[in-house]
Structure formats: C-alpha cells, structure tokens
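Visitor: One structure coming up, written as structure tokens, with questions to follow.
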Amino acid sequence: VTHIGIIGAGIGGLHLALFLQRHDVPVTLYAERGPDELRQSRLPNTAVYWSPMRVRERQLGVNHWDEEAADWSVKHLYNRVGPEPEPLRFRADLDEPGLSVDHRIYASRLLEDFVNRGGEAVYGPVRTESLERLSEAHDLLVFSAGRGNMTELFPRREEASAFTQPQRLLCTGIYRGIEIPPPAGTHLSFVPGGELFHVPIITFEGNRSALFFEIVPGGVLDSLLNVRYEEDPERFDRTVLELLEKAFPDTRALVDDASFGITRPQDVLQGAITPTARRGYAQLPNGKWVMALGDVHVVNDPLLAQGANAASACAFLLGEAIVADDLAFDELWCRRTEARLWDYLRNTFDWTNFMLRDPLPANVVRLMAAAADNQRVADEFGNNFADPERSWSVLASSARTDAFLSRHGVDVAALPNLDGSADRDQSRS
Ligand SMILES: Cc1cc2nc3c(=O)[nH]c(=O)nc-3n(C[C@H](O)[C@H](O)[C@H](O)COP(=O)(O)OP(=O)(O)OC[C@H]3O[C@@H](n4cnc5c(N)ncnc54)[C@H](O)[C@@H]3O)c2cc1C
C-alpha cells in the first residue's frame with residue numbers, strides 16, 4: 001500500500017492529510033507542535049478563506065465554524081481607494097462568504113480531527129538530517145513546512161521571481177474595542193504608502209477584529225515600523241490609533257477608545273515576506289523525490305489573501321494526483337504534478353506581485369473607478385478573490401481590463417484619468 005509522509009501541519013499539510021485519509025491512503029503527518037502547544041503559540045497570520053476553500057472544508061468534514069460565521073464572516077468587501085478627503089468607495093457583494101478563524105484554533109482542531117479519525121501524527125520539528133531517513137519510510141514525502149523552513153531544498157524559479165526583497169512590512173493583530181457594522185465584511189483601504197484590511201475574525205474570545213497593515217517603507221504608515229508590541233504594548237496601541245486617525249478615519253470612527261487594544265500579547269505579528277516562487281519538487285541524495293506544498297512552493301505577500309487558499313487548493317490537486325497514479329513517485333510523477341500546481345499558483349503570484357505596486361497600476365485604478373458606479377463590476381472584482389485565474393485574466397493588461405469593463409457596459413473612454421504607475425503589458429509573462 002502506498003504510504004505518504006507529510007511534513008508540516010499547516011493549511012496545506014492538514015488539508016492533504018485529511019484528503020488522503022478520506023481516500024484510505026495511509027499517511028503520517030509530522031507536525032511541529034501538538035494541538036495544545038499550537039493553541040498557545042503566536043498568531044501566524046490572519047487569513048481569510050474564500051468560498052472554494054470552504055467547499056473543500058465541507059468535503060473534508062471540517063466546516064466547524066458555519067454557525068459562528070452566520071453573522072461574522074466576509075459577505076462583503078468594502079473598498080476605499082485613495083487618500084482623504086475624497087477616496088473612491090465601492091462595496092462588492094460576495095456570492096458565498098469568506099471566513100476568517102484564528103489559525104491556532106483552526107489548525108489545532110483539524111489536527112485533532114485527523115488524529116480522532118485514526119490518523120497517525122508525530123509531534124516535533126523535523127530536521128534536515130532526518131529527511132532521507134523519513135523518505136525511506138514512505139513512498140512519497142510531501143514538504144509543507146511553510147515559509148522560511150528548509151525551503152532551500154527547492155530551487156528558486158529565477159525566471160518567475162519578481163522581487164528579491166519584501167515589498168511590504170506586515171503588522172497584523174487581533175483587537176478589542178473595534179466594531180464591524182453589519183452586514184459584516186472585510187474593509188479594504190488602499191492609500192499611497194500601503195493598505196489596511198479590517199477583518200471579522202473568530203478568535204479565542206469570540207468575534208473580534210483583525211487589523212492588518214501592509215506598510216510601504218517611507219510612506220504614511222511608517223510610524224508603525226518603529227514600534228514593537230512586545231517592547232511597549234501601550235505605545236503600540238496608541239500608534240495604531242494615531243495612524244487610523246491620520247490615514248483611515250472610517251476605521252477610526254468604529255473604535256471604542258476605552259476598550260481598544262490588542263487582545264493578548266501573542267495576538268500580534270510583525271514581519272515581512274519576500275514573494276518567492278520555487279520548483280515544486282526536489283531529489284534527495286538517496287535518490288528519493290520530495291514534493292513541495294503551500295508556501296514552500298510559492299509564497300505570496302498576503303496582500304490579496306491567496307496563500308492559505310492556494311495551499312488548500314494545491315493539497316487537493318496533489319491528493320488527486322496521488323490517488324490517480326501511485327505506480328511510482330518518480331521524476332515523471334513529480335514533473336506532471338508540479339505542472340498542475342504551478343498552473344494554479346502562478347496566477348496568484350503574478351496577480352499579487354502586480355497589485356503590490358505603489359501607486360496601484362492604472363488599469364487597476366480604472367477598474368476600481370468603474371466599480372464605484374457599476375455594481376456588477378464591483379461584485380466581480382470581489383468574487384474574483386476566490387478565482388485567481390479569472391482575476392489575473394481581467395487585470396494582466398490594460399486591453400484585458402478595458403475589454404472586461406466594456407462587456408459590463410462601462411464607457412471606458414469616459415473613466416477619469418487617474419494616476420497610476422506605468423502600466424506595462426503583463427500578459428506576455
Ligand atoms: C499577516 C498574514 C495574513 C495572511 N492572510 C491571508 C489571507 O487572508 N488569505 C490567505 O489565503 N492567506 C493568507 N496568508 C497566507 C497564509 O497564512 C499562508 O499562505 C498559509 O498558511 C500557507 O500554508 P502552508 O501549509 O504552506 O504553511 P503554514 O500554514 O504556515 O504551515 C506550516 C506548518 O509547518 C510547520 N513546520 C515548520 N517547520 C517544521 C518542521 N521543521 N517540522 C515539522 N513541521 C514544521 C509549522 O509549525 C506549521 O504548522 C496570510 C499570511 C500572513 C502572514
């Protein structure tokens with residue numbers, strides 16, 4: 001019987017392990033931490049899961065948060081583009097709501113599901129030296145240990161790597177004392193110098209808000225760069241409030257000053273990510289092949305909320321490839337499977353890297369301006385977060401964006417001539 005080893009019990013590793021379990025494929029999951037330790041750990045992200053991922057959760061029988069999500073999910077995207085005093089505003093209505101659950105609650109629960117259903121989990125970090133030994137114990141090893149963990153096993157795709165350093169500094173946290181007025185949704189604010197995402201998230205304290213700042217150094221959000229929560233919590237909370245006041249008055253208006261602040265010291269994350277695409281498989285010195293899954297394969301800046309959704313989508317593609325052909329997990333198998341994953345991933349990668357430009361590309365701004373007057377354009381912009389291929393099809397060049405807008409009855413020539421960075425044709429890449 002084919003036996004699969006999975007290293008890393010994050011989104012990708014868990015969804016693959018649960019998928020294989022459903023298909024009666026024996027699997028061992030090597031998890032850095034057990035459920036209790038995971039619950040105590042630092043906030044690793046504040047991810048939103050779009051509808052296709054929620055469909056996969058239902059298929060795996062791990063849709064535990066549907067009830068809470070009834071009034072605390074991402075049914076709408078409230079967009080605000082440009083600086084005060086007159087930002088452009090539009091609301092996108094999602095066909096199916098997205099969901100955000102504290103990763104530590106989510107991943108520990110799925111790990112428990114896997115084990116309670118008879119799955120084998122081994123706790124403790126896997127070291128590079130153990131990889132060959134583990135590969136001997138399994139027909140295939142899948143490596144899904146997240147960004148920055150032994151990723152050098154998989155060479156960078158130099159031809160696809162747009163950046164060699166982070167494009168944003170990230171500061172996300174879970175807060176008390178900030179409302180999200182119904183109907184619930186994520187509030188997205190794009191200003192020169194960065195972005196703010198205000199997300200309804202299900203947490204250890206129930207329904208709370210995540211505030212996720214994406215900071216372009218040297219811009220309006222700079223004050224957050226010089227304050228680390230663990231060094232001075234009060235100054236951190238104060239700095240966030242001042243920043244809301246200065247750049248995001250709509251969000252500031254939702255704050256109750258008396259109760260505002262980070263929920264618990266481990267509920268903050270400050271860091272940066274270099275968007276990187278890697279090859280999806282590698283060969284160990286003993287000749288065995290290892291597949292990459294999730295952030296190990298492609299890590300995006302979180303700007304467009306794609307990484308967790310992609311890790312889940314690729315877990316299913318990888319699982320289906322294992323079930324469809326288990327004759328040999330050789331180079332042929334790896335190459336074919338990588339091609340399927342890359343076909344999905346490269347849309348997330350190209351689209352995210354394009355949107356990371358500051359100021360926003362002109363065709364993106366044109367689409368947003370049109371969305372402010374045309375609900376169908378607005379809704380499609382929102383729903384396309386769940387469909388990276390479709391989204392990139394619309395945005396990869398000005399010609400594509402204008403054709404899309406024309407089909408929705410927008411008079412493209414009449415759109416205001418808004419500032420944007422040089423709008424090169426991306427569709428050739
Ligand atoms: C601030 C922020 C916001 C985000 N927002 C979104 C969003 O809205 N939507 C979205 O889709 N994505 C979002 N992401 C990205 C998303 O969190 C990641 O892309 C996703 O978690 C990747 O899944 P993964 O399985 O590859 O890795 P992870 O989920 O990071 O899991 C990796 C696992 O491997 C384990 N591990 C590490 N080293 C070892 C080892 N040596 N041995 C064993 N196990 C090991 C870790 O403990 C961890 O459990 C966000 C990320 C950040 C930082």
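The way I read the labels, and the way they are meant: chains A, B, ... in the order of the structure tokens, residue 1 as the first residue of every chain, and ligand 1 as the first ligand shown, with later ones counted on from there.
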Could you name the residues that touch Thr203 of chain A at 8 Å or less, counting only C-alpha atoms, but leaving out those on the same chain fewer than 5 positions away, as a VMD selection string?

Guide: chain A and resid 101 to 102 105 208

Visitor: Please, could you write that set of residues out with N, CA, C and O atoms as a short mmCIF file (atom, residue, chain, number, x, y, z; two decimals), in the first residue's frame?

Guide:
data_model
loop_
_atom_site.label_atom_id
_atom_site.label_comp_id
_atom_site.auth_asym_id
_atom_site.auth_seq_id
_atom_site.Cartn_x
_atom_site.Cartn_y
_atom_site.Cartn_z
N VAL A 101 -10.83 32.46 10.70
CA VAL A 101 -10.78 31.85 12.03
C VAL A 101 -9.32 31.91 12.47
O VAL A 101 -8.43 31.59 11.66
N ASP A 102 -9.07 32.29 13.70
CA ASP A 102 -7.70 32.29 14.22
C ASP A 102 -7.01 30.97 13.83
O ASP A 102 -7.53 29.88 14.14
N ILE A 105 -6.74 28.14 16.37
CA ILE A 105 -7.97 27.39 16.64
C ILE A 105 -8.23 26.42 15.48
O ILE A 105 -8.51 25.24 15.67
N ARG A 208 -14.06 39.04 16.95
CA ARG A 208 -13.18 40.20 17.13
C ARG A 208 -12.81 40.74 15.75
O ARG A 208 -13.18 40.18 14.74
#

Visitor: Residues at most 10 Å from Ser73 of chain A, counting only C-alpha atoms, excluding those fewer than 4 positions away in the same chain, as a compact mmCIF listing (two decimals) with N, CA and C atoms, in the first residue's frame?

Guide:
# COMPACT_ATOMS: atom_id res chain seq x y z
N VAL A 48 -8.08 35.00 5.47
CA VAL A 48 -9.48 34.81 5.05
C VAL A 48 -9.52 33.64 4.09
N TYR A 49 -10.48 32.75 4.30
CA TYR A 49 -10.67 31.60 3.41
C TYR A 49 -11.86 31.88 2.51
N TRP A 65 -17.13 25.96 11.73
CA TRP A 65 -17.41 27.34 12.15
C TRP A 65 -18.59 27.95 11.41
N ASP A 66 -19.40 27.11 10.76
CA ASP A 66 -20.51 27.65 9.94
C ASP A 66 -21.48 28.47 10.79
N GLU A 68 -20.95 30.12 13.75
CA GLU A 68 -20.37 31.43 14.11
C GLU A 68 -20.30 32.34 12.90
N ALA A 69 -20.05 31.72 11.73
CA ALA A 69 -19.85 32.52 10.52
C ALA A 69 -21.14 33.17 10.04
N GLU A 96 -20.68 33.84 -2.10
CA GLU A 96 -20.57 32.99 -0.91
C GLU A 96 -19.57 33.68 0.03
N PRO A 97 -19.90 33.76 1.32
CA PRO A 97 -18.99 34.49 2.21
C PRO A 97 -17.65 33.79 2.44
N GLY A 98 -16.61 34.60 2.63
CA GLY A 98 -15.33 34.09 3.09
C GLY A 98 -15.33 34.03 4.61
N LEU A 99 -14.33 33.37 5.17
CA LEU A 99 -14.31 33.14 6.62
C LEU A 99 -12.90 33.34 7.15
N SER A 100 -12.82 33.94 8.33
CA SER A 100 -11.51 34.03 8.99
C SER A 100 -11.64 33.48 10.41
N VAL A 101 -10.83 32.46 10.70
CA VAL A 101 -10.78 31.85 12.03
C VAL A 101 -9.32 31.91 12.47
N PRO A 183 -24.06 44.75 7.49
CA PRO A 183 -23.66 43.37 7.32
C PRO A 183 -22.14 43.23 7.28
N ALA A 184 -21.67 42.19 7.96
CA ALA A 184 -20.22 42.05 8.17
C ALA A 184 -19.47 41.85 6.86
N GLY A 185 -18.25 42.30 6.89
CA GLY A 185 -17.38 42.11 5.73
C GLY A 185 -16.00 42.61 6.06
N THR A 186 -15.10 42.45 5.10
CA THR A 186 -13.76 43.00 5.27
C THR A 186 -13.73 44.40 4.68
N VAL A 199 -10.74 42.96 9.32
CA VAL A 199 -11.34 41.65 9.03
C VAL A 199 -12.12 41.14 10.24
N PRO A 200 -13.35 40.66 10.02
CA PRO A 200 -14.07 39.98 11.11
C PRO A 200 -13.47 38.59 11.31
N ILE A 201 -12.95 38.32 12.50
CA ILE A 201 -12.23 37.05 12.71
C ILE A 201 -12.80 36.35 13.96
N ILE A 202 -12.93 35.04 13.88
CA ILE A 202 -13.39 34.23 15.02
C ILE A 202 -12.17 33.86 15.85
N ASN A 207 -16.08 36.76 18.59
CA ASN A 207 -15.97 37.63 17.41
C ASN A 207 -15.13 38.86 17.72

Visitor: Give me, please, the distance in Å between atom CA of Leu284 of chain A and atom 26 (O, counted along the ligand's line) of ligand 1, quoted to one decimal.

Guide: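 Between atom CA of Leu284 of chain A and atom 26 (O, counted along the ligand's line) of ligand 1 the gap works out to 20.3 Å.
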
Visitor: As an mmCIF file with N, CA and C atoms, in the first residue's frame, please: the residues near Arg407 of chain A (cut-off 12 Å, only C-alpha atoms, same-chain neighbours under 3 positions excluded).

Guide:
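part-v7.cif, freshly written:
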data_model
loop_
_atom_site.group_PDB
_atom_site.id
_atom_site.type_symbol
_atom_site.label_atom_id
_atom_site.label_comp_id
_atom_site.auth_asym_id
_atom_site.auth_seq_id
_atom_site.Cartn_x
_atom_site.Cartn_y
_atom_site.Cartn_z
ATOM 1 N N ASN A 374 -20.712 50.833 -10.952
ATOM 2 C CA ASN A 374 -21.286 49.665 -11.635
ATOM 3 C C ASN A 374 -21.200 48.463 -10.693
ATOM 4 N N ARG A 376 -22.096 45.402 -10.946
ATOM 5 C CA ARG A 376 -21.634 44.099 -11.484
ATOM 6 C C ARG A 376 -20.109 44.054 -11.539
ATOM 7 N N VAL A 377 -19.497 45.172 -11.908
ATOM 8 C CA VAL A 377 -18.028 45.232 -11.914
ATOM 9 C C VAL A 377 -17.516 45.075 -10.480
ATOM 10 N N VAL A 394 -8.439 39.307 -15.996
ATOM 11 C CA VAL A 394 -9.038 40.635 -16.149
ATOM 12 C C VAL A 394 -7.998 41.749 -16.006
ATOM 13 N N ARG A 400 -7.053 43.905 -21.624
ATOM 14 C CA ARG A 400 -7.962 42.938 -20.989
ATOM 15 C C ARG A 400 -8.936 43.646 -20.045
ATOM 16 N N THR A 401 -8.425 44.581 -19.264
ATOM 17 C CA THR A 401 -9.290 45.284 -18.310
ATOM 18 C C THR A 401 -10.352 46.081 -19.059
ATOM 19 N N ASP A 402 -9.927 46.769 -20.119
ATOM 20 C CA ASP A 402 -10.889 47.591 -20.854
ATOM 21 C C ASP A 402 -11.942 46.725 -21.546
ATOM 22 N N ALA A 403 -11.512 45.574 -22.076
ATOM 23 C CA ALA A 403 -12.493 44.672 -22.714
ATOM 24 C C ALA A 403 -13.489 44.170 -21.673
ATOM 25 N N PHE A 404 -12.983 43.833 -20.495
ATOM 26 C CA PHE A 404 -13.858 43.370 -19.404
ATOM 27 C C PHE A 404 -14.866 44.457 -19.026
ATOM 28 N N VAL A 410 -19.460 49.503 -19.394
ATOM 29 C CA VAL A 410 -18.754 50.706 -18.919
ATOM 30 C C VAL A 410 -18.185 51.454 -20.125
ATOM 31 N N ASP A 411 -18.395 52.769 -20.158
ATOM 32 C CA ASP A 411 -17.793 53.593 -21.201
ATOM 33 C C ASP A 411 -16.349 53.888 -20.779
ATOM 34 N N VAL A 412 -15.430 53.074 -21.287
ATOM 35 C CA VAL A 412 -14.049 53.135 -20.817
ATOM 36 C C VAL A 412 -13.440 54.511 -21.080
#

Visitor: Counting only C-alpha atoms, which residue out of A:Asp24, A:Glu179, A:Glu331, A:Glu84 sits closest to Phe260 of chain A?

Guide: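 Closest candidate: A:Glu179.
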
Visitor: Residues at most 6 Å from segment 294-305 of chain A, counting only C-alpha atoms, excluding those fewer than 5 positions away in the same chain, as number ranges by chain?

Guide: A: 12, 144, 146-147, 151, 273, 275-278, 280, 311

Visitor: With distances taken over only C-alpha atoms, which residue among A:Ile174, A:Ala370, A:Ala308, A:Ala292 lies nearest Glu338 of chain A?

Guide: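 That would be A:Ala292, the residue with the smallest distance to Glu338 of chain A.
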
Visitor: Could you pull out the strand (DSSP E) residues of segment 53-289 of chain A, going by DSSP on the backbone, and write them as an MDAnalysis selection string?

Guide: chainID A and resid 74:81 88:98 120:123 140:143 169:176 185:191 194:203 206:215 261:262 268:272 276:277 281:283 289

Visitor: Check the smallest atom-to-atom distance from each of A:Asp257, A:Asp379, A:Glu32, A:Asp250 to ligand 1 using only C-alpha atoms and all ligand atoms, then report the winner.

Guide: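 With only C-alpha atoms and all ligand atoms as the atom set, the closest residue is A:Glu32.
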
Visitor: Residues at most 12 Å from Ser312 of chain A, counting only C-alpha atoms, excluding those fewer than 2 positions away in the same chain, as an mmCIF file with N, CA and C atoms, in the first residue's frame?

Guide:
data_model
loop_
_atom_site.group_PDB
_atom_site.id
_atom_site.type_symbol
_atom_site.label_atom_id
_atom_site.label_comp_id
_atom_site.auth_asym_id
_atom_site.auth_seq_id
_atom_site.Cartn_x
_atom_site.Cartn_y
_atom_site.Cartn_z
ATOM 1 N N ALA A 9 2.056 20.617 9.586
ATOM 2 C CA ALA A 9 0.606 20.515 9.755
ATOM 3 C C ALA A 9 -0.027 21.903 9.746
ATOM 4 N N GLY A 10 0.291 22.684 8.698
ATOM 5 C CA GLY A 10 -0.408 23.955 8.470
ATOM 6 C C GLY A 10 -1.575 23.685 7.538
ATOM 7 N N ILE A 11 -1.971 24.722 6.793
ATOM 8 C CA ILE A 11 -3.137 24.580 5.920
ATOM 9 C C ILE A 11 -2.922 23.476 4.880
ATOM 10 N N GLY A 12 -1.786 23.534 4.175
ATOM 11 C CA GLY A 12 -1.533 22.571 3.115
ATOM 12 C C GLY A 12 -1.429 21.153 3.664
ATOM 13 N N GLY A 13 -0.596 20.968 4.684
ATOM 14 C CA GLY A 13 -0.368 19.636 5.245
ATOM 15 C C GLY A 13 -1.648 19.029 5.806
ATOM 16 N N LEU A 14 -2.438 19.832 6.499
ATOM 17 C CA LEU A 14 -3.673 19.310 7.101
ATOM 18 C C LEU A 14 -4.701 18.943 6.037
ATOM 19 N N HIS A 15 -4.884 19.826 5.061
ATOM 20 C CA HIS A 15 -5.887 19.516 4.029
ATOM 21 C C HIS A 15 -5.476 18.281 3.229
ATOM 22 N N LEU A 16 -4.171 18.125 2.966
ATOM 23 C CA LEU A 16 -3.736 16.930 2.239
ATOM 24 C C LEU A 16 -3.915 15.678 3.106
ATOM 25 N N ALA A 17 -3.522 15.763 4.381
ATOM 26 C CA ALA A 17 -3.639 14.595 5.262
ATOM 27 C C ALA A 17 -5.098 14.150 5.376
ATOM 28 N N LEU A 18 -6.008 15.119 5.539
ATOM 29 C CA LEU A 18 -7.433 14.782 5.680
ATOM 30 C C LEU A 18 -7.994 14.244 4.365
ATOM 31 N N PHE A 19 -7.514 14.802 3.246
ATOM 32 C CA PHE A 19 -7.947 14.315 1.924
ATOM 33 C C PHE A 19 -7.526 12.861 1.745
ATOM 34 N N TYR A 49 -10.480 32.750 4.300
ATOM 35 C CA TYR A 49 -10.667 31.598 3.413
ATOM 36 C C TYR A 49 -11.857 31.878 2.512
ATOM 37 N N TRP A 50 -11.607 31.829 1.191
ATOM 38 C CA TRP A 50 -12.677 32.131 0.224
ATOM 39 C C TRP A 50 -13.531 30.889 -0.017
ATOM 40 N N SER A 51 -14.623 31.091 -0.769
ATOM 41 C CA SER A 51 -15.642 30.034 -0.854
ATOM 42 C C SER A 51 -15.124 28.687 -1.378
ATOM 43 N N PRO A 52 -14.235 28.637 -2.384
ATOM 44 C CA PRO A 52 -13.801 27.292 -2.826
ATOM 45 C C PRO A 52 -13.101 26.515 -1.703
ATOM 46 N N MET A 53 -12.391 27.223 -0.842
ATOM 47 C CA MET A 53 -11.734 26.539 0.283
ATOM 48 C C MET A 53 -12.790 26.054 1.274
ATOM 49 N N ARG A 54 -13.829 26.829 1.446
ATOM 50 C CA ARG A 54 -14.896 26.410 2.377
ATOM 51 C C ARG A 54 -15.652 25.206 1.824
ATOM 52 N N VAL A 55 -15.761 25.116 0.499
ATOM 53 C CA VAL A 55 -16.362 23.910 -0.109
ATOM 54 C C VAL A 55 -15.483 22.699 0.205
ATOM 55 N N ARG A 56 -14.162 22.876 0.075
ATOM 56 C CA ARG A 56 -13.252 21.754 0.367
ATOM 57 C C ARG A 56 -13.335 21.366 1.842
ATOM 58 N N GLU A 57 -13.501 22.360 2.729
ATOM 59 C CA GLU A 57 -13.658 22.045 4.161
ATOM 60 C C GLU A 57 -14.890 21.168 4.384
ATOM 61 N N LEU A 60 -14.175 17.706 3.453
ATOM 62 C CA LEU A 60 -13.321 17.023 4.446
ATOM 63 C C LEU A 60 -14.046 16.856 5.785
ATOM 64 N N SER A 144 5.598 20.518 3.544
ATOM 65 C CA SER A 144 4.683 21.675 3.640
ATOM 66 C C SER A 144 4.903 22.390 4.970
ATOM 67 N N LEU A 293 4.623 21.744 -1.017
ATOM 68 C CA LEU A 293 3.207 22.131 -0.955
ATOM 69 C C LEU A 293 3.055 23.434 -0.173
ATOM 70 N N GLY A 294 2.223 24.339 -0.679
ATOM 71 C CA GLY A 294 1.911 25.569 0.058
ATOM 72 C C GLY A 294 3.007 26.614 -0.081
ATOM 73 N N ASP A 295 3.251 27.335 1.003
ATOM 74 C CA ASP A 295 4.215 28.446 0.972
ATOM 75 C C ASP A 295 5.618 27.994 0.574
ATOM 76 N N GLN A 306 -4.226 35.106 -0.682
ATOM 77 C CA GLN A 306 -4.196 33.942 -1.565
ATOM 78 C C GLN A 306 -3.494 32.710 -0.986
ATOM 79 N N GLY A 307 -2.531 32.874 -0.060
ATOM 80 C CA GLY A 307 -1.633 31.773 0.307
ATOM 81 C C GLY A 307 -2.326 30.565 0.921
ATOM 82 N N ALA A 308 -3.195 30.780 1.891
ATOM 83 C CA ALA A 308 -3.867 29.653 2.541
ATOM 84 C C ALA A 308 -4.821 28.979 1.556
ATOM 85 N N ASN A 309 -5.523 29.814 0.789
ATOM 86 C CA ASN A 309 -6.445 29.267 -0.207
ATOM 87 C C ASN A 309 -5.700 28.439 -1.245
ATOM 88 N N ALA A 310 -4.516 28.919 -1.630
ATOM 89 C CA ALA A 310 -3.714 28.179 -2.609
ATOM 90 C C ALA A 310 -3.167 26.891 -1.999
ATOM 91 N N CYS A 314 -3.991 23.401 -3.663
ATOM 92 C CA CYS A 314 -2.901 22.534 -4.128
ATOM 93 C C CYS A 314 -2.888 21.216 -3.356
ATOM 94 N N ALA A 315 -3.323 21.226 -2.087
ATOM 95 C CA ALA A 315 -3.405 19.972 -1.328
ATOM 96 C C ALA A 315 -4.359 19.021 -2.037
ATOM 97 N N PHE A 316 -5.475 19.559 -2.543
ATOM 98 C CA PHE A 316 -6.431 18.688 -3.245
ATOM 99 C C PHE A 316 -5.853 18.221 -4.585
ATOM 100 N N LEU A 317 -5.197 19.134 -5.323
ATOM 101 C CA LEU A 317 -4.599 18.726 -6.611
ATOM 102 C C LEU A 317 -3.559 17.639 -6.388
ATOM 103 N N LEU A 318 -2.761 17.812 -5.340
ATOM 104 C CA LEU A 318 -1.712 16.838 -5.015
ATOM 105 C C LEU A 318 -2.349 15.511 -4.565
ATOM 106 N N GLY A 319 -3.362 15.605 -3.738
ATOM 107 C CA GLY A 319 -4.062 14.403 -3.278
ATOM 108 C C GLY A 319 -4.672 13.639 -4.446
ATOM 109 N N LEU A 341 0.104 22.108 -10.185
ATOM 110 C CA LEU A 341 0.115 23.067 -9.070
ATOM 111 C C LEU A 341 0.536 24.456 -9.564
ATOM 112 N N TYR A 344 -2.033 26.640 -11.197
ATOM 113 C CA TYR A 344 -2.875 27.391 -10.260
ATOM 114 C C TYR A 344 -2.072 28.527 -9.626
ATOM 115 N N LEU A 345 -0.867 28.175 -9.153
ATOM 116 C CA LEU A 345 -0.115 29.102 -8.303
ATOM 117 C C LEU A 345 0.369 30.345 -9.043
#

Visitor: When distances are computed from only C-alpha atoms and all ligand atoms, which of A:Asp267, A:Asp232, A:Asp325, A:Glu389 shows the smallest separation from ligand 1?

Guide: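 Closest to ligand 1, using only C-alpha atoms and all ligand atoms: A:Asp267.
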
Visitor: Using only C-alpha atoms and all ligand atoms for the distances, tell me which of A:Leu29, A:Leu88, A:Val364, A:Leu254 is nearest to ligand 1.

Guide: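 Answer, going by the shortest atom-to-atom distance: A:Leu29.
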
Visitor: When you count only C-alpha atoms, which of these residues is closest to Ala369 of chain A: A:Asn79, A:Gln21, A:Thr2, A:Thr164?

Guide: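 Checking each candidate against Ala369 of chain A, we get A:Asn79 as the closest.
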
Visitor: One decimal, in Å: what's the spacing between atom 23 (O, counted along the ligand's line) of ligand 1 and atom CA of Asp36 of chain A?

Guide: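 Atom CA of Asp36 of chain A lies at a distance of 19.4 Å from atom 23 (O, counted along the ligand's line) of ligand 1.
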
Visitor: What does the distance from atom CA of Ser259 of chain A to atom CA of Tyr175 of chain A come to in Å, to one decimal?

Guide: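 Spanning atom CA of Ser259 of chain A to atom CA of Tyr175 of chain A is a straight-line distance of 9.3 Å.
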